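As structure tokens, the structure follows; a few thoughts come after it.
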Amino acid sequence: MNRYTRRTFSLELLMIAIALVVAFPVYVLVNLAIRPPSDTSSPLRPTLAPTLDNFTQAWQQGALGGALGNSALVTVVSVLIVIAISALAAYPLARVTARWSRGVFLLIMLGLMLPFQLAALPLYQTMRDLNLLGSAWALIVFYSGLQVPFTTFLYIGFLRALPRDFEDAASIDGCTAWECFRHVVFPMLKPITVTAIVLNAVSIWNDFFTPLLYLSGSTQQTVPVAISGFVGQYVSDWNLIFAALLISMIPILIVYFALQRSIINGFAGGLKG
Amino acid sequence: MKRSNELARPDAASVVRHADPGPVATRSRRPRTGPPWWFVVPAMVLFAFVVLVPSVRGVYYAFTDWDGLDPNFSFAGLDNFVEMTRDADARQAIWHTLLIAVSITIIQNGFGLALALGVNTMIKSRNVLRVFLFAPAVITPIVTAYLWRNLLAPDGAVNSLLGAVGLDSWQQNWLGDPELALWSIVGVIVWQFGGYSMVIFLAGMQSISKDIYDAAAIDGTGPVRRFWSVTRPLLAPAFTINLMLSIIGGIKLFDQVYALTGGGPGHATDTMSTLIYKDAFTLGEFGYSIALAVVLTVIVAVASTSQYFVLARNERAAS
């Protein structure tokens, strides 16, 4: 198992072959996105006269710049709020054994299980009555609440495995509970905070169902809704659609490849938490 | 201890009533009782507004004939649920939802486990492969679904590829054939999230001590036995997480169906989530739609609790 044998080499070739099959759709995506609509040859044949026209056209007609800005705003603000309030809530829930603490913990566990489809329609009505439909702020409020159970759950698991000696020492030295959380506990939560940021950011950025409900017909679109609208509008102009899909993927892939270690560890991190 | 209680009592006496004085007594040797209860307030207010209150109202609406707009609606008892048993679309959607969830759970995790076993070896490309195979999992599902809608079209790249390698007879109308469309959706999801399962299995494998494998090697175990008797039981936590994620993700599936087939052809790929969406927003049957969501909730609850107990027992048995 520790030497590079001929069998290891055949395994290497097999794994690379699988990776190429997995990458095949991306090849077609790029190949068609750089192809002028006049070129109707097989999608497999490399494009001989590549052009960037599809990208400029998709960018302008799909209002993708605005959508990327909205998605970034919604994701960043929601993640900051969720991290702050969930870490704060997890601290007493992991440390206090009083009855209220166990009760709140059970509510959080219940929240982990409730599918959003149940709350979606009544909440749609509330948002409508509060005149919040169609605004990016509705989405921020929404994600800040929706992601609480999962994020708090991650923090509670991590906190329970963390010794309390530092907090106790800090409070003997006269720290208030808030100072203790802010300067002692929260910094120690860093590994699970990275996991929570990664998982929340990916699921908020990628969410489609919620903005479809709460932003439909508005000009404040997020990327998934803008893409869906774009596909609906340019039904069979696939070169243009592919350029739009690629534009929407590029920011994610840049962040992913730049931070791949933290991101992959973040996804795998729920395992240790 | 003093400080937190003084802060708490004057402005929210009613909530403090619930605070149990127990820990003060039981942990009197500790310097204080721990963090104050009001740390949970911001999170719980938002959670209640967005999830708890609407969910409770949802359960109530499921027993009404509300259309989503009219403030005058009447209590309908079990009518919505009775109608569901007569509604072929609903029965089909429930069946599709379960079928998709179970297939994804088996195929995606099988694929992910195979990838993890292949990557967790001495091959030189293992780090690069891990990064590339996981990449689809971070891309927006609705975007990859639109990509696949084109690839799986009758004149799309998948059929072209099959033609190019001489497998013309395998060419299909992947999304237009009612018998096949559901499986095409499952395939797209496995393509996107197989790497996700792989990463979780890999994390589990890397936490297994090398000493155990060395001991197994000394005892002369072959690779199959090594996997079955050493790796598999020690991967129990990774299995728990992976199976939970894929079965619940499968039950709630919406984006990929919406983008790939819209539930069609006919209703051949409608899932509970797409039917809930259609009934509410194109037919205006909010009450009925929420009744479907209640059924979905029950399915999720049963699936996750039963899976949790079965897998937790296996984990205990393994350790």
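Residue numbers start at 1 in each chain; chains themselves are named A, B, ... in the order of the structure tokens; ligands are numbered from 1 in the order shown.
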Next item on the list: Find the residues near range 135-146 of chain B: any atom within 6 Å, counting only C-alpha atoms, skip ones fewer than 6 places away on the same chain, and give them as a list of chain:residue names.
Entry: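 Here the answer would be A:Asn206, B:Gln192, B:Phe193, B:Asp255, B:Gln256, B:Ala259, B:Leu260.
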Chain B residues within 6 Å of chain A, counting only C-alpha atoms: which ones, as a count of residues only? 19
The distance between CA of Ser246 in chain B and CA of Arg226 in chain B is 26.4 Å
Which residues are near Ser218 in chain A? Cut-off 12 Å, only C-alpha atoms, ignore same chain within fewer than 5 positions. Put them as a list in words. Ala67, Leu132, Leu133, Gly134, Ser135, Ala136, Pro211, Leu212, Leu213, Val225, Ala226 and Gly229 of chain A
CA of Ile290 in chain B to CA of Asp79 in chain B measures 12.5 Å
- Which polymer residues have any atom within 12 Å of an atom of Asn109 in chain B, counting only C-alpha atoms, with same-chain residues fewer than 6 positions away left out, as a PyMOL selection string? chain B and resi 101-103+115-117+189-191+193-201+238-247
Write out the residues from the selection above, keeping C-alpha atoms, as a JSON list (two decimals), in the first residue's frame.
```
[["chain", "number", "residue", "atom", "x", "y", "z"],
["B", 101, "ALA", "CA", -34.56, 10.00, -2.46],
["B", 102, "VAL", "CA", -33.77, 6.29, -2.17],
["B", 103, "SER", "CA", -32.01, 6.09, -5.56],
["B", 115, "LEU", "CA", -14.18, 7.71, -5.56],
["B", 116, "ALA", "CA", -12.97, 8.08, -1.99],
["B", 117, "LEU", "CA", -11.40, 4.60, -2.02],
["B", 189, "ILE", "CA", -27.66, 14.88, -9.04],
["B", 190, "VAL", "CA", -25.18, 12.03, -8.68],
["B", 191, "TRP", "CA", -22.84, 13.86, -11.08],
["B", 193, "PHE", "CA", -22.92, 15.62, -5.48],
["B", 194, "GLY", "CA", -20.90, 12.40, -5.82],
["B", 195, "GLY", "CA", -17.81, 14.46, -4.98],
["B", 196, "TYR", "CA", -19.53, 15.78, -1.87],
["B", 197, "SER", "CA", -20.08, 12.24, -0.56],
["B", 198, "MET", "CA", -16.49, 11.45, -1.52],
["B", 199, "VAL", "CA", -15.12, 14.32, 0.58],
["B", 200, "ILE", "CA", -17.03, 13.19, 3.65],
["B", 201, "PHE", "CA", -15.94, 9.56, 3.23],
["B", 238, "ALA", "CA", -19.28, 9.32, 7.65],
["B", 239, "PHE", "CA", -22.07, 6.98, 6.54],
["B", 240, "THR", "CA", -24.44, 8.60, 9.01],
["B", 241, "ILE", "CA", -23.78, 12.11, 7.70],
["B", 242, "ASN", "CA", -23.79, 11.10, 4.04],
["B", 243, "LEU", "CA", -27.01, 9.10, 4.21],
["B", 244, "MET", "CA", -28.77, 11.85, 6.17],
["B", 245, "LEU", "CA", -27.68, 14.54, 3.73],
["B", 246, "SER", "CA", -28.65, 12.64, 0.61],
["B", 247, "ILE", "CA", -31.98, 11.26, 1.77]]
```
task: Can you check which residues of range 32-130 of chain A DSSP gives as alpha helix (DSSP H) on the backbone and send them as an NGL selection string?
output: :A and (32-33 or 53-61 or 64-95 or 99-113 or 116-129)
Let's have the selection written as a PDB file, in the first residue's frame, with C-alpha atoms.
```pdb
ATOM      1  CA  LEU A  32     -20.552  26.304 -26.823  1.00  0.00           C
ATOM      2  CA  ALA A  33     -20.300  29.543 -24.861  1.00  0.00           C
ATOM      3  CA  ASP A  53     -19.679  38.184 -28.100  1.00  0.00           C
ATOM      4  CA  ASN A  54     -21.985  35.834 -26.190  1.00  0.00           C
ATOM      5  CA  PHE A  55     -20.477  36.983 -22.912  1.00  0.00           C
ATOM      6  CA  THR A  56     -20.911  40.716 -23.565  1.00  0.00           C
ATOM      7  CA  GLN A  57     -24.434  40.145 -24.833  1.00  0.00           C
ATOM      8  CA  ALA A  58     -25.428  37.889 -21.903  1.00  0.00           C
ATOM      9  CA  TRP A  59     -23.892  40.322 -19.425  1.00  0.00           C
ATOM     10  CA  GLN A  60     -25.891  43.247 -20.787  1.00  0.00           C
ATOM     11  CA  GLN A  61     -29.210  41.539 -21.479  1.00  0.00           C
ATOM     12  CA  LEU A  64     -26.013  39.784 -14.479  1.00  0.00           C
ATOM     13  CA  GLY A  65     -23.853  42.495 -12.918  1.00  0.00           C
ATOM     14  CA  GLY A  66     -26.730  43.647 -10.728  1.00  0.00           C
ATOM     15  CA  ALA A  67     -27.666  40.066  -9.882  1.00  0.00           C
ATOM     16  CA  LEU A  68     -24.106  39.226  -8.834  1.00  0.00           C
ATOM     17  CA  GLY A  69     -24.084  42.339  -6.654  1.00  0.00           C
ATOM     18  CA  ASN A  70     -27.399  41.382  -5.039  1.00  0.00           C
ATOM     19  CA  SER A  71     -26.288  37.805  -4.440  1.00  0.00           C
ATOM     20  CA  ALA A  72     -23.039  39.015  -2.885  1.00  0.00           C
ATOM     21  CA  LEU A  73     -24.873  41.479  -0.626  1.00  0.00           C
ATOM     22  CA  VAL A  74     -27.478  38.953   0.494  1.00  0.00           C
ATOM     23  CA  THR A  75     -24.891  36.212   1.079  1.00  0.00           C
ATOM     24  CA  VAL A  76     -22.370  38.333   2.981  1.00  0.00           C
ATOM     25  CA  VAL A  77     -24.856  40.117   5.243  1.00  0.00           C
ATOM     26  CA  SER A  78     -26.890  36.970   5.964  1.00  0.00           C
ATOM     27  CA  VAL A  79     -23.795  34.917   6.787  1.00  0.00           C
ATOM     28  CA  LEU A  80     -22.469  37.615   9.141  1.00  0.00           C
ATOM     29  CA  ILE A  81     -25.795  37.805  10.981  1.00  0.00           C
ATOM     30  CA  VAL A  82     -26.252  34.032  11.193  1.00  0.00           C
ATOM     31  CA  ILE A  83     -22.730  33.469  12.490  1.00  0.00           C
ATOM     32  CA  ALA A  84     -23.049  36.206  15.116  1.00  0.00           C
ATOM     33  CA  ILE A  85     -26.453  35.244  16.496  1.00  0.00           C
ATOM     34  CA  SER A  86     -25.930  31.478  16.296  1.00  0.00           C
ATOM     35  CA  ALA A  87     -22.558  31.469  18.042  1.00  0.00           C
ATOM     36  CA  LEU A  88     -24.003  33.731  20.732  1.00  0.00           C
ATOM     37  CA  ALA A  89     -27.041  31.481  21.202  1.00  0.00           C
ATOM     38  CA  ALA A  90     -25.006  28.277  21.205  1.00  0.00           C
ATOM     39  CA  TYR A  91     -22.856  29.488  24.104  1.00  0.00           C
ATOM     40  CA  PRO A  92     -25.523  29.304  26.855  1.00  0.00           C
ATOM     41  CA  LEU A  93     -27.232  26.332  25.145  1.00  0.00           C
ATOM     42  CA  ALA A  94     -24.018  24.308  25.395  1.00  0.00           C
ATOM     43  CA  ARG A  95     -23.106  25.479  28.897  1.00  0.00           C
ATOM     44  CA  ARG A  99     -34.700  23.544  31.811  1.00  0.00           C
ATOM     45  CA  TRP A 100     -35.159  26.567  29.482  1.00  0.00           C
ATOM     46  CA  SER A 101     -31.850  25.720  27.843  1.00  0.00           C
ATOM     47  CA  ARG A 102     -32.914  22.149  27.096  1.00  0.00           C
ATOM     48  CA  GLY A 103     -36.263  23.422  25.807  1.00  0.00           C
ATOM     49  CA  VAL A 104     -34.637  25.870  23.396  1.00  0.00           C
ATOM     50  CA  PHE A 105     -32.230  23.150  22.270  1.00  0.00           C
ATOM     51  CA  LEU A 106     -35.168  20.878  21.419  1.00  0.00           C
ATOM     52  CA  LEU A 107     -36.783  23.678  19.399  1.00  0.00           C
ATOM     53  CA  ILE A 108     -33.535  24.051  17.466  1.00  0.00           C
ATOM     54  CA  MET A 109     -33.461  20.312  16.775  1.00  0.00           C
ATOM     55  CA  LEU A 110     -37.062  20.519  15.600  1.00  0.00           C
ATOM     56  CA  GLY A 111     -36.047  23.372  13.291  1.00  0.00           C
ATOM     57  CA  LEU A 112     -33.360  21.156  11.763  1.00  0.00           C
ATOM     58  CA  MET A 113     -36.046  18.770  10.645  1.00  0.00           C
ATOM     59  CA  PHE A 116     -38.860  24.913   4.446  1.00  0.00           C
ATOM     60  CA  GLN A 117     -41.812  24.081   2.181  1.00  0.00           C
ATOM     61  CA  LEU A 118     -44.056  24.062   5.260  1.00  0.00           C
ATOM     62  CA  ALA A 119     -43.188  27.606   6.345  1.00  0.00           C
ATOM     63  CA  ALA A 120     -42.758  29.011   2.833  1.00  0.00           C
ATOM     64  CA  LEU A 121     -46.376  29.839   2.013  1.00  0.00           C
ATOM     65  CA  PRO A 122     -47.475  31.362   5.346  1.00  0.00           C
ATOM     66  CA  LEU A 123     -44.238  33.362   5.408  1.00  0.00           C
ATOM     67  CA  TYR A 124     -44.913  34.507   1.853  1.00  0.00           C
ATOM     68  CA  GLN A 125     -48.194  35.962   3.089  1.00  0.00           C
ATOM     69  CA  THR A 126     -46.503  37.682   6.057  1.00  0.00           C
ATOM     70  CA  MET A 127     -43.805  39.160   3.827  1.00  0.00           C
ATOM     71  CA  ARG A 128     -46.517  40.387   1.456  1.00  0.00           C
ATOM     72  CA  ASP A 129     -48.441  42.030   4.295  1.00  0.00           C
TER      73      ASP A 129
END
```
